[in-house]
$ cat run_0.cif   # mmCIF, N, CA and C atoms
data_entry
loop_
_atom_site.label_atom_id
_atom_site.label_comp_id
_atom_site.auth_asym_id
_atom_site.auth_seq_id
_atom_site.Cartn_x
_atom_site.Cartn_y
_atom_site.Cartn_z
N MET A 1 -36.11 -20.82 31.67
CA MET A 1 -35.15 -19.89 32.20
C MET A 1 -33.91 -19.82 31.29
N LYS A 2 -33.48 -21.02 30.79
CA LYS A 2 -32.33 -21.04 29.89
C LYS A 2 -32.65 -20.28 28.61
N ASN A 3 -33.89 -20.40 28.14
CA ASN A 3 -34.29 -19.69 26.92
C ASN A 3 -34.26 -18.18 27.13
N LEU A 4 -34.65 -17.73 28.31
CA LEU A 4 -34.63 -16.30 28.62
C LEU A 4 -33.19 -15.78 28.65
N ALA A 5 -32.28 -16.54 29.25
CA ALA A 5 -30.86 -16.15 29.30
C ALA A 5 -30.29 -16.10 27.89
N LEU A 6 -30.63 -17.11 27.08
CA LEU A 6 -30.15 -17.15 25.70
C LEU A 6 -30.70 -15.96 24.92
N LEU A 7 -31.96 -15.60 25.16
CA LEU A 7 -32.55 -14.45 24.49
C LEU A 7 -31.82 -13.16 24.86
N PHE A 8 -31.45 -13.00 26.12
CA PHE A 8 -30.70 -11.81 26.55
C PHE A 8 -29.32 -11.77 25.90
N ILE A 9 -28.67 -12.90 25.82
CA ILE A 9 -27.34 -12.95 25.20
C ILE A 9 -27.43 -12.59 23.73
N ILE A 10 -28.37 -13.17 23.03
CA ILE A 10 -28.54 -12.87 21.59
C ILE A 10 -28.90 -11.40 21.40
N SER A 11 -29.80 -10.88 22.23
CA SER A 11 -30.19 -9.47 22.13
C SER A 11 -29.00 -8.56 22.38
N GLY A 12 -28.18 -8.90 23.36
CA GLY A 12 -26.99 -8.10 23.65
C GLY A 12 -26.01 -8.11 22.49
N CYS A 13 -25.81 -9.27 21.88
CA CYS A 13 -24.90 -9.37 20.72
C CYS A 13 -25.43 -8.55 19.55
N LEU A 14 -26.72 -8.65 19.28
CA LEU A 14 -27.30 -7.87 18.19
C LEU A 14 -27.19 -6.38 18.45
N PHE A 15 -27.41 -5.96 19.68
CA PHE A 15 -27.30 -4.55 20.04
C PHE A 15 -25.86 -4.06 19.85
N ALA A 16 -24.92 -4.86 20.33
CA ALA A 16 -23.50 -4.49 20.20
C ALA A 16 -23.10 -4.41 18.74
N PHE A 17 -23.56 -5.35 17.92
CA PHE A 17 -23.25 -5.33 16.49
C PHE A 17 -23.87 -4.10 15.83
N ALA A 18 -25.11 -3.78 16.18
CA ALA A 18 -25.78 -2.62 15.59
C ALA A 18 -25.07 -1.33 15.98
N CYS A 19 -24.61 -1.22 17.20
CA CYS A 19 -23.90 -0.01 17.63
C CYS A 19 -22.58 0.13 16.91
N ASN A 20 -21.85 -0.96 16.73
CA ASN A 20 -20.56 -0.89 16.03
C ASN A 20 -20.74 -0.52 14.57
N LYS A 21 -21.85 -0.94 13.97
CA LYS A 21 -22.10 -0.65 12.56
C LYS A 21 -22.30 0.84 12.32
N ASP A 22 -22.82 1.54 13.31
CA ASP A 22 -23.09 2.97 13.17
C ASP A 22 -21.84 3.83 13.33
N LYS A 23 -20.80 3.27 13.90
CA LYS A 23 -19.58 4.04 14.10
C LYS A 23 -18.85 4.20 12.78
N PRO A 24 -18.37 5.40 12.49
CA PRO A 24 -17.60 5.58 11.26
C PRO A 24 -16.27 4.81 11.33
N SER A 25 -15.87 4.27 10.20
CA SER A 25 -14.61 3.53 10.15
C SER A 25 -13.43 4.47 10.28
N GLU A 26 -12.27 3.88 10.53
CA GLU A 26 -11.04 4.68 10.61
C GLU A 26 -10.76 5.37 9.28
N ARG A 27 -10.98 4.67 8.16
CA ARG A 27 -10.74 5.25 6.84
C ARG A 27 -11.70 6.42 6.59
N PHE A 28 -12.95 6.29 7.03
CA PHE A 28 -13.91 7.38 6.90
C PHE A 28 -13.43 8.60 7.68
N LYS A 29 -12.94 8.37 8.88
CA LYS A 29 -12.43 9.48 9.71
C LYS A 29 -11.20 10.12 9.07
N PHE A 30 -10.29 9.29 8.54
CA PHE A 30 -9.10 9.83 7.87
C PHE A 30 -9.51 10.71 6.69
N LEU A 31 -10.45 10.22 5.88
CA LEU A 31 -10.84 10.95 4.67
C LEU A 31 -11.58 12.25 4.99
N THR A 32 -12.49 12.20 5.94
CA THR A 32 -13.35 13.35 6.22
C THR A 32 -12.76 14.31 7.24
N GLY A 33 -11.71 13.93 7.91
CA GLY A 33 -11.15 14.78 8.96
C GLY A 33 -10.52 16.07 8.44
N PRO A 34 -9.45 15.98 7.68
CA PRO A 34 -8.74 17.20 7.27
C PRO A 34 -9.28 17.82 5.99
N VAL A 35 -8.81 19.01 5.73
CA VAL A 35 -8.88 19.57 4.38
C VAL A 35 -7.61 19.08 3.70
N TRP A 36 -7.74 18.53 2.52
CA TRP A 36 -6.61 18.00 1.78
C TRP A 36 -6.10 19.03 0.78
N THR A 37 -4.80 19.17 0.68
CA THR A 37 -4.16 20.09 -0.28
C THR A 37 -3.38 19.26 -1.28
N THR A 38 -3.54 19.59 -2.57
CA THR A 38 -2.85 18.81 -3.59
C THR A 38 -1.35 18.88 -3.41
N ASP A 39 -0.73 17.73 -3.59
CA ASP A 39 0.72 17.61 -3.53
C ASP A 39 1.26 17.39 -4.94
N SER A 40 0.63 16.47 -5.66
CA SER A 40 1.00 16.27 -7.07
C SER A 40 -0.22 15.81 -7.84
N LEU A 41 -0.31 16.26 -9.08
CA LEU A 41 -1.40 15.90 -9.98
C LEU A 41 -0.77 15.41 -11.28
N LEU A 42 -0.77 14.10 -11.47
CA LEU A 42 -0.10 13.52 -12.62
C LEU A 42 -1.07 12.88 -13.59
N ALA A 43 -0.83 13.08 -14.87
CA ALA A 43 -1.57 12.40 -15.93
C ALA A 43 -0.53 11.70 -16.80
N ASN A 44 -0.64 10.40 -16.93
CA ASN A 44 0.31 9.60 -17.70
C ASN A 44 1.74 9.83 -17.22
N GLY A 45 1.92 9.99 -15.92
CA GLY A 45 3.23 10.12 -15.32
C GLY A 45 3.84 11.51 -15.34
N ALA A 46 3.16 12.48 -15.94
CA ALA A 46 3.70 13.84 -16.02
C ALA A 46 2.81 14.82 -15.26
N ASP A 47 3.42 15.89 -14.73
CA ASP A 47 2.66 16.92 -14.04
C ASP A 47 1.61 17.51 -14.98
N ALA A 48 0.36 17.54 -14.53
CA ALA A 48 -0.73 18.07 -15.35
C ALA A 48 -1.53 19.11 -14.58
N SER A 49 -0.85 19.85 -13.68
CA SER A 49 -1.54 20.81 -12.81
C SER A 49 -1.36 22.25 -13.25
N GLY A 50 -0.57 22.49 -14.28
CA GLY A 50 -0.29 23.86 -14.71
C GLY A 50 -1.45 24.50 -15.45
N PRO A 51 -1.33 25.79 -15.73
CA PRO A 51 -2.39 26.52 -16.44
C PRO A 51 -2.79 25.84 -17.75
N GLY A 52 -4.09 25.59 -17.87
CA GLY A 52 -4.63 24.99 -19.09
C GLY A 52 -4.44 23.49 -19.20
N GLN A 53 -3.78 22.87 -18.21
CA GLN A 53 -3.55 21.43 -18.29
C GLN A 53 -4.74 20.66 -17.72
N LEU A 54 -4.76 19.37 -18.00
CA LEU A 54 -5.88 18.48 -17.69
C LEU A 54 -6.33 18.54 -16.23
N LEU A 55 -5.40 18.57 -15.29
CA LEU A 55 -5.76 18.49 -13.88
C LEU A 55 -5.75 19.82 -13.14
N GLU A 56 -5.55 20.91 -13.86
CA GLU A 56 -5.54 22.22 -13.21
C GLU A 56 -6.80 22.47 -12.37
N PRO A 57 -8.00 22.08 -12.84
CA PRO A 57 -9.20 22.34 -12.03
C PRO A 57 -9.22 21.64 -10.67
N PHE A 58 -8.36 20.64 -10.48
CA PHE A 58 -8.31 19.93 -9.20
C PHE A 58 -7.25 20.49 -8.27
N LYS A 59 -6.46 21.43 -8.74
CA LYS A 59 -5.38 22.01 -7.94
C LYS A 59 -5.97 22.82 -6.78
N GLY A 60 -5.34 22.70 -5.62
CA GLY A 60 -5.80 23.43 -4.45
C GLY A 60 -6.29 22.49 -3.38
N ASP A 61 -7.40 22.85 -2.76
CA ASP A 61 -7.91 22.08 -1.62
C ASP A 61 -9.05 21.15 -2.03
N ALA A 62 -9.18 20.10 -1.25
CA ALA A 62 -10.30 19.16 -1.39
C ALA A 62 -10.82 18.86 0.01
N LYS A 63 -12.13 18.76 0.12
CA LYS A 63 -12.74 18.42 1.41
C LYS A 63 -13.82 17.38 1.16
N PHE A 64 -13.69 16.26 1.83
CA PHE A 64 -14.68 15.19 1.78
C PHE A 64 -15.50 15.30 3.05
N LYS A 65 -16.71 15.81 2.93
CA LYS A 65 -17.55 16.03 4.11
C LYS A 65 -18.25 14.74 4.52
N GLU A 66 -18.60 14.65 5.79
CA GLU A 66 -19.22 13.45 6.34
C GLU A 66 -20.56 13.12 5.69
N ASP A 67 -21.24 14.11 5.13
CA ASP A 67 -22.55 13.86 4.52
C ASP A 67 -22.45 13.36 3.07
N GLY A 68 -21.23 13.11 2.58
CA GLY A 68 -21.05 12.59 1.23
C GLY A 68 -20.94 13.66 0.16
N THR A 69 -20.85 14.92 0.57
CA THR A 69 -20.62 16.00 -0.38
C THR A 69 -19.19 16.50 -0.19
N GLY A 70 -18.79 17.41 -1.05
CA GLY A 70 -17.45 17.96 -0.89
C GLY A 70 -17.06 18.86 -2.03
N TYR A 71 -15.83 19.32 -1.96
CA TYR A 71 -15.27 20.10 -3.07
C TYR A 71 -13.90 19.54 -3.38
N PHE A 72 -13.53 19.64 -4.66
CA PHE A 72 -12.33 19.04 -5.18
C PHE A 72 -11.72 20.05 -6.15
N GLY A 73 -10.86 20.95 -5.64
CA GLY A 73 -10.39 22.05 -6.47
C GLY A 73 -11.56 22.98 -6.74
N ILE A 74 -11.84 23.26 -8.02
CA ILE A 74 -12.97 24.15 -8.35
C ILE A 74 -14.29 23.40 -8.45
N HIS A 75 -14.26 22.08 -8.38
CA HIS A 75 -15.46 21.26 -8.53
C HIS A 75 -16.13 21.02 -7.17
N THR A 76 -17.45 20.93 -7.18
CA THR A 76 -18.21 20.47 -6.02
C THR A 76 -18.98 19.24 -6.45
N GLY A 77 -19.34 18.42 -5.49
CA GLY A 77 -20.08 17.22 -5.86
C GLY A 77 -20.29 16.29 -4.69
N GLN A 78 -20.42 15.01 -5.03
CA GLN A 78 -20.67 13.98 -4.04
C GLN A 78 -19.55 12.94 -4.11
N TRP A 79 -19.38 12.23 -3.01
CA TRP A 79 -18.41 11.15 -2.96
C TRP A 79 -18.99 9.99 -2.16
N SER A 80 -18.49 8.79 -2.42
CA SER A 80 -18.87 7.62 -1.63
C SER A 80 -17.78 6.55 -1.76
N PHE A 81 -17.68 5.74 -0.71
CA PHE A 81 -16.75 4.62 -0.71
C PHE A 81 -17.34 3.45 -1.48
N PHE A 82 -16.47 2.62 -2.05
CA PHE A 82 -16.86 1.37 -2.69
C PHE A 82 -15.84 0.30 -2.35
N SER A 83 -16.18 -0.93 -2.61
CA SER A 83 -15.28 -2.08 -2.46
C SER A 83 -14.57 -2.09 -1.11
N GLU A 84 -15.38 -2.13 -0.06
CA GLU A 84 -14.86 -2.17 1.30
C GLU A 84 -13.89 -1.02 1.58
N GLU A 85 -14.24 0.15 1.10
CA GLU A 85 -13.49 1.39 1.32
C GLU A 85 -12.10 1.38 0.70
N THR A 86 -11.93 0.63 -0.39
CA THR A 86 -10.67 0.65 -1.13
C THR A 86 -10.79 1.49 -2.39
N GLU A 87 -12.01 1.92 -2.70
CA GLU A 87 -12.26 2.78 -3.86
C GLU A 87 -13.18 3.92 -3.42
N ILE A 88 -13.09 5.01 -4.16
CA ILE A 88 -13.96 6.15 -3.88
C ILE A 88 -14.53 6.63 -5.21
N LYS A 89 -15.84 6.90 -5.22
CA LYS A 89 -16.49 7.43 -6.41
C LYS A 89 -16.77 8.90 -6.18
N ILE A 90 -16.34 9.72 -7.14
CA ILE A 90 -16.56 11.17 -7.07
C ILE A 90 -17.42 11.57 -8.25
N THR A 91 -18.51 12.24 -7.96
CA THR A 91 -19.40 12.75 -9.00
C THR A 91 -19.49 14.26 -8.81
N THR A 92 -19.17 15.02 -9.85
CA THR A 92 -19.21 16.47 -9.75
C THR A 92 -20.39 17.03 -10.51
N ASP A 93 -20.72 18.27 -10.18
CA ASP A 93 -21.84 18.94 -10.84
C ASP A 93 -21.42 19.59 -12.16
N LEU A 94 -20.12 19.68 -12.40
CA LEU A 94 -19.59 20.30 -13.61
C LEU A 94 -18.91 19.25 -14.47
N PRO A 95 -18.82 19.48 -15.77
CA PRO A 95 -18.08 18.54 -16.61
C PRO A 95 -16.63 18.42 -16.16
N VAL A 96 -16.14 17.20 -16.18
CA VAL A 96 -14.76 16.91 -15.83
C VAL A 96 -14.12 16.23 -17.03
N PHE A 97 -12.89 16.59 -17.35
CA PHE A 97 -12.16 15.98 -18.45
C PHE A 97 -12.93 16.12 -19.76
N GLY A 98 -13.22 17.33 -20.14
CA GLY A 98 -13.94 17.59 -21.39
C GLY A 98 -15.33 18.09 -21.10
N SER A 99 -16.26 17.72 -21.93
CA SER A 99 -17.62 18.25 -21.81
C SER A 99 -18.59 17.25 -21.22
N ILE A 100 -18.12 16.12 -20.73
CA ILE A 100 -19.03 15.11 -20.20
C ILE A 100 -19.01 15.09 -18.67
N ILE A 101 -20.17 14.78 -18.11
CA ILE A 101 -20.27 14.62 -16.66
C ILE A 101 -20.32 13.13 -16.39
N ILE A 102 -19.28 12.63 -15.75
CA ILE A 102 -19.21 11.20 -15.44
C ILE A 102 -18.73 11.04 -14.01
N PRO A 103 -19.22 10.00 -13.32
CA PRO A 103 -18.63 9.71 -12.01
C PRO A 103 -17.24 9.13 -12.23
N ILE A 104 -16.33 9.47 -11.35
CA ILE A 104 -14.96 8.99 -11.45
C ILE A 104 -14.74 8.01 -10.32
N LEU A 105 -14.39 6.77 -10.66
CA LEU A 105 -14.10 5.75 -9.67
C LEU A 105 -12.59 5.66 -9.51
N CYS A 106 -12.12 5.91 -8.29
CA CYS A 106 -10.68 5.97 -8.01
C CYS A 106 -10.28 4.86 -7.06
N ASP A 107 -9.11 4.29 -7.29
CA ASP A 107 -8.51 3.35 -6.34
C ASP A 107 -7.79 4.17 -5.27
N ILE A 108 -8.00 3.81 -4.02
CA ILE A 108 -7.29 4.47 -2.93
C ILE A 108 -5.98 3.72 -2.73
N VAL A 109 -4.89 4.36 -3.10
CA VAL A 109 -3.57 3.76 -2.98
C VAL A 109 -3.07 3.90 -1.55
N GLU A 110 -3.33 5.06 -0.95
CA GLU A 110 -2.91 5.32 0.43
C GLU A 110 -3.89 6.27 1.07
N LEU A 111 -4.26 5.98 2.31
CA LEU A 111 -5.12 6.87 3.08
C LEU A 111 -4.70 6.77 4.54
N THR A 112 -4.08 7.84 5.02
CA THR A 112 -3.70 7.95 6.43
C THR A 112 -4.21 9.30 6.92
N SER A 113 -3.92 9.62 8.14
CA SER A 113 -4.35 10.92 8.66
C SER A 113 -3.59 12.07 8.00
N LEU A 114 -2.46 11.79 7.34
CA LEU A 114 -1.64 12.83 6.74
C LEU A 114 -1.54 12.76 5.22
N SER A 115 -1.93 11.64 4.61
CA SER A 115 -1.69 11.45 3.19
C SER A 115 -2.86 10.75 2.51
N LEU A 116 -3.21 11.23 1.31
CA LEU A 116 -4.23 10.62 0.47
C LEU A 116 -3.66 10.50 -0.93
N LYS A 117 -3.64 9.28 -1.46
CA LYS A 117 -3.17 9.04 -2.82
C LYS A 117 -4.20 8.19 -3.53
N ILE A 118 -4.69 8.70 -4.68
CA ILE A 118 -5.69 7.98 -5.45
C ILE A 118 -5.26 7.91 -6.91
N THR A 119 -5.71 6.87 -7.59
CA THR A 119 -5.44 6.71 -9.01
C THR A 119 -6.74 6.38 -9.73
N THR A 120 -6.78 6.71 -11.01
CA THR A 120 -7.94 6.39 -11.83
C THR A 120 -7.54 6.44 -13.30
N VAL A 121 -8.42 5.99 -14.14
CA VAL A 121 -8.25 6.08 -15.58
C VAL A 121 -9.49 6.78 -16.11
N VAL A 122 -9.27 7.82 -16.94
CA VAL A 122 -10.39 8.57 -17.51
C VAL A 122 -10.25 8.62 -19.03
N PRO A 123 -11.36 8.82 -19.72
CA PRO A 123 -11.29 8.88 -21.18
C PRO A 123 -10.42 10.03 -21.68
N ASN A 124 -9.73 9.78 -22.76
CA ASN A 124 -8.95 10.79 -23.45
C ASN A 124 -9.75 11.18 -24.69
N LEU A 125 -10.38 12.34 -24.65
CA LEU A 125 -11.24 12.74 -25.75
C LEU A 125 -10.46 12.95 -27.05
N ALA A 126 -9.19 13.33 -26.93
CA ALA A 126 -8.36 13.54 -28.13
C ALA A 126 -7.93 12.21 -28.75
N ASN A 127 -7.78 11.17 -27.93
CA ASN A 127 -7.35 9.87 -28.43
C ASN A 127 -8.03 8.78 -27.59
N PRO A 128 -9.24 8.37 -27.96
CA PRO A 128 -9.99 7.40 -27.16
C PRO A 128 -9.29 6.07 -26.92
N GLN A 129 -8.35 5.70 -27.77
CA GLN A 129 -7.63 4.44 -27.59
C GLN A 129 -6.58 4.52 -26.47
N GLU A 130 -6.23 5.72 -26.05
CA GLU A 130 -5.23 5.90 -25.00
C GLU A 130 -5.80 6.76 -23.87
N PRO A 131 -6.49 6.12 -22.91
CA PRO A 131 -7.06 6.89 -21.80
C PRO A 131 -5.96 7.50 -20.92
N HIS A 132 -6.35 8.51 -20.16
CA HIS A 132 -5.42 9.17 -19.24
C HIS A 132 -5.32 8.34 -17.95
N LYS A 133 -4.10 8.05 -17.54
CA LYS A 133 -3.86 7.40 -16.25
C LYS A 133 -3.53 8.51 -15.26
N ILE A 134 -4.40 8.68 -14.28
CA ILE A 134 -4.34 9.81 -13.34
C ILE A 134 -3.86 9.34 -11.98
N ARG A 135 -2.99 10.15 -11.36
CA ARG A 135 -2.56 9.93 -9.97
C ARG A 135 -2.63 11.26 -9.25
N LEU A 136 -3.45 11.33 -8.21
CA LEU A 136 -3.61 12.54 -7.41
C LEU A 136 -3.09 12.25 -6.01
N THR A 137 -2.20 13.09 -5.51
CA THR A 137 -1.74 12.94 -4.13
C THR A 137 -2.02 14.22 -3.36
N PHE A 138 -2.40 14.03 -2.11
CA PHE A 138 -2.80 15.13 -1.24
C PHE A 138 -2.10 15.00 0.11
N LYS A 139 -1.90 16.14 0.76
CA LYS A 139 -1.41 16.19 2.13
C LYS A 139 -2.47 16.86 2.99
N ALA A 140 -2.58 16.40 4.23
CA ALA A 140 -3.51 17.04 5.15
C ALA A 140 -3.02 18.44 5.47
N ARG A 141 -3.95 19.39 5.48
CA ARG A 141 -3.59 20.77 5.80
C ARG A 141 -3.87 21.04 7.25
#

$ encode --input "run_0.cif" --output "structure tokens"
Amino acid sequence: MKNLALLFIISGCLFAFACNKDKPSERFKFLTGPVWTTDSLLANGADASGPGQLLEPFKGDAKFKEDGTGYFGIHTGQWSFFSEETEIKITTDLPVFGSIIIPILCDIVELTSLSLKITTVVPNLANPQEPHKIRLTFKAR
């Protein structure tokens, strides 16, 4: 009888754990909830969102959809969390930062229901010894 009670307790714990695992995290909800609008797009500490500049293609809206797809300015692609949801990987279908298609791994500096701030380092095709230090900030629309 004690074994049967213990079996029910263990089964209940496993069920509860499995149900909690399926629930989206708060960070997932924050990221996928709103449409994000660019607030600032900086490369090496300077605005890089103007016509013909490095980050112009990212200017505008971004949407991280629950299915792992989305759009980021003029780019479309996929996204996923890494490192216990402290990093996000973005892979686009179009070349980014020159003629190469590479996934971009970004550190999430801030993620709330109203604000998204990410940073990354990408290759500088003009000067490979000095990569671009990128900071993108967004506001929920």

$ residues_around --input "run_0.cif" --residues "Lys133 (chain A)" --least-positions-apart "4" --cutoff "8 Å" --atoms "all atoms listed in the file" --output "ChimeraX atom specification"
/A:42-46,119-124

$ resolve_selection --input "run_0.cif" --expression "the PyMOL selection byres ((chain A and resi 55-69) around 7)" --output "MDAnalysis selection string"
chainID A and resid 31:38 41 48:54 70:80

$ write_last_selection --input "run_0.cif" --atoms "N, CA and C atoms" --output "PDB file, in the coordinates of the input"
ATOM      1  N   LEU A  31     -10.450  10.220   5.880  1.00  0.00           N
ATOM      2  CA  LEU A  31     -10.840  10.950   4.670  1.00  0.00           C
ATOM      3  C   LEU A  31     -11.580  12.250   4.990  1.00  0.00           C
ATOM      4  N   THR A  32     -12.490  12.200   5.940  1.00  0.00           N
ATOM      5  CA  THR A  32     -13.350  13.350   6.220  1.00  0.00           C
ATOM      6  C   THR A  32     -12.760  14.310   7.240  1.00  0.00           C
ATOM      7  N   GLY A  33     -11.710  13.930   7.910  1.00  0.00           N
ATOM      8  CA  GLY A  33     -11.150  14.780   8.960  1.00  0.00           C
ATOM      9  C   GLY A  33     -10.520  16.070   8.440  1.00  0.00           C
ATOM     10  N   PRO A  34      -9.450  15.980   7.680  1.00  0.00           N
ATOM     11  CA  PRO A  34      -8.740  17.200   7.270  1.00  0.00           C
ATOM     12  C   PRO A  34      -9.280  17.820   5.990  1.00  0.00           C
ATOM     13  N   VAL A  35      -8.810  19.010   5.730  1.00  0.00           N
ATOM     14  CA  VAL A  35      -8.880  19.570   4.380  1.00  0.00           C
ATOM     15  C   VAL A  35      -7.610  19.080   3.700  1.00  0.00           C
ATOM     16  N   TRP A  36      -7.740  18.530   2.520  1.00  0.00           N
ATOM     17  CA  TRP A  36      -6.610  18.000   1.780  1.00  0.00           C
ATOM     18  C   TRP A  36      -6.100  19.030   0.780  1.00  0.00           C
ATOM     19  N   THR A  37      -4.800  19.170   0.680  1.00  0.00           N
ATOM     20  CA  THR A  37      -4.160  20.090  -0.280  1.00  0.00           C
ATOM     21  C   THR A  37      -3.380  19.260  -1.280  1.00  0.00           C
ATOM     22  N   THR A  38      -3.540  19.590  -2.570  1.00  0.00           N
ATOM     23  CA  THR A  38      -2.850  18.810  -3.590  1.00  0.00           C
ATOM     24  C   THR A  38      -1.350  18.880  -3.410  1.00  0.00           C
ATOM     25  N   LEU A  41      -0.310  16.260  -9.080  1.00  0.00           N
ATOM     26  CA  LEU A  41      -1.400  15.900  -9.980  1.00  0.00           C
ATOM     27  C   LEU A  41      -0.770  15.410 -11.280  1.00  0.00           C
ATOM     28  N   ALA A  48       0.360  17.540 -14.530  1.00  0.00           N
ATOM     29  CA  ALA A  48      -0.730  18.070 -15.350  1.00  0.00           C
ATOM     30  C   ALA A  48      -1.530  19.110 -14.580  1.00  0.00           C
ATOM     31  N   SER A  49      -0.850  19.850 -13.680  1.00  0.00           N
ATOM     32  CA  SER A  49      -1.540  20.810 -12.810  1.00  0.00           C
ATOM     33  C   SER A  49      -1.360  22.250 -13.250  1.00  0.00           C
ATOM     34  N   GLY A  50      -0.570  22.490 -14.280  1.00  0.00           N
ATOM     35  CA  GLY A  50      -0.290  23.860 -14.710  1.00  0.00           C
ATOM     36  C   GLY A  50      -1.450  24.500 -15.450  1.00  0.00           C
ATOM     37  N   PRO A  51      -1.330  25.790 -15.730  1.00  0.00           N
ATOM     38  CA  PRO A  51      -2.390  26.520 -16.440  1.00  0.00           C
ATOM     39  C   PRO A  51      -2.790  25.840 -17.750  1.00  0.00           C
ATOM     40  N   GLY A  52      -4.090  25.590 -17.870  1.00  0.00           N
ATOM     41  CA  GLY A  52      -4.630  24.990 -19.090  1.00  0.00           C
ATOM     42  C   GLY A  52      -4.440  23.490 -19.200  1.00  0.00           C
ATOM     43  N   GLN A  53      -3.780  22.870 -18.210  1.00  0.00           N
ATOM     44  CA  GLN A  53      -3.550  21.430 -18.290  1.00  0.00           C
ATOM     45  C   GLN A  53      -4.740  20.660 -17.720  1.00  0.00           C
ATOM     46  N   LEU A  54      -4.760  19.370 -18.000  1.00  0.00           N
ATOM     47  CA  LEU A  54      -5.880  18.480 -17.690  1.00  0.00           C
ATOM     48  C   LEU A  54      -6.330  18.540 -16.230  1.00  0.00           C
ATOM     49  N   GLY A  70     -18.790  17.410  -1.050  1.00  0.00           N
ATOM     50  CA  GLY A  70     -17.450  17.960  -0.890  1.00  0.00           C
ATOM     51  C   GLY A  70     -17.060  18.860  -2.030  1.00  0.00           C
ATOM     52  N   TYR A  71     -15.830  19.320  -1.960  1.00  0.00           N
ATOM     53  CA  TYR A  71     -15.270  20.100  -3.070  1.00  0.00           C
ATOM     54  C   TYR A  71     -13.900  19.540  -3.380  1.00  0.00           C
ATOM     55  N   PHE A  72     -13.530  19.640  -4.660  1.00  0.00           N
ATOM     56  CA  PHE A  72     -12.330  19.040  -5.180  1.00  0.00           C
ATOM     57  C   PHE A  72     -11.720  20.050  -6.150  1.00  0.00           C
ATOM     58  N   GLY A  73     -10.860  20.950  -5.640  1.00  0.00           N
ATOM     59  CA  GLY A  73     -10.390  22.050  -6.470  1.00  0.00           C
ATOM     60  C   GLY A  73     -11.560  22.980  -6.740  1.00  0.00           C
ATOM     61  N   ILE A  74     -11.840  23.260  -8.020  1.00  0.00           N
ATOM     62  CA  ILE A  74     -12.970  24.150  -8.350  1.00  0.00           C
ATOM     63  C   ILE A  74     -14.290  23.400  -8.450  1.00  0.00           C
ATOM     64  N   HIS A  75     -14.260  22.080  -8.380  1.00  0.00           N
ATOM     65  CA  HIS A  75     -15.460  21.260  -8.530  1.00  0.00           C
ATOM     66  C   HIS A  75     -16.130  21.020  -7.170  1.00  0.00           C
ATOM     67  N   THR A  76     -17.450  20.930  -7.180  1.00  0.00           N
ATOM     68  CA  THR A  76     -18.210  20.470  -6.020  1.00  0.00           C
ATOM     69  C   THR A  76     -18.980  19.240  -6.450  1.00  0.00           C
ATOM     70  N   GLY A  77     -19.340  18.420  -5.490  1.00  0.00           N
ATOM     71  CA  GLY A  77     -20.080  17.220  -5.860  1.00  0.00           C
ATOM     72  C   GLY A  77     -20.290  16.290  -4.690  1.00  0.00           C
ATOM     73  N   GLN A  78     -20.420  15.010  -5.030  1.00  0.00           N
ATOM     74  CA  GLN A  78     -20.670  13.980  -4.040  1.00  0.00           C
ATOM     75  C   GLN A  78     -19.550  12.940  -4.110  1.00  0.00           C
ATOM     76  N   TRP A  79     -19.380  12.230  -3.010  1.00  0.00           N
ATOM     77  CA  TRP A  79     -18.410  11.150  -2.960  1.00  0.00           C
ATOM     78  C   TRP A  79     -18.990   9.990  -2.160  1.00  0.00           C
ATOM     79  N   SER A  80     -18.490   8.790  -2.420  1.00  0.00           N
ATOM     80  CA  SER A  80     -18.870   7.620  -1.630  1.00  0.00           C
ATOM     81  C   SER A  80     -17.780   6.550  -1.760  1.00  0.00           C
TER      82      SER A  80
END

$ atom_distance --input "run_0.cif" --atom1 "CA of Ala140 (chain A)" --atom2 "atom N of Asp39 (chain A)"
9.2 Å

$ select_by_dssp --input "run_0.cif" --residues "chain A" --states "helix (DSSP H, G or I)" --output "ChimeraX atom specification"
/A:2-22,26-32,56-58

$ atom_distance --input "run_0.cif" --atom1 "CA of Leu136 (chain A)" --atom2 "CA of Thr92 (chain A)"
16.3 Å

$ resolve_selection --input "run_0.cif" --expression "the PyMOL selection byres ((chain A and resi 113) around 6)" --output "ChimeraX atom specification"
/A:30,111-112,114-115,140

$ atom_distance --input "run_0.cif" --atom1 "CA of Ser25 (chain A)" --atom2 "atom C of Lys117 (chain A)"
17.8 Å
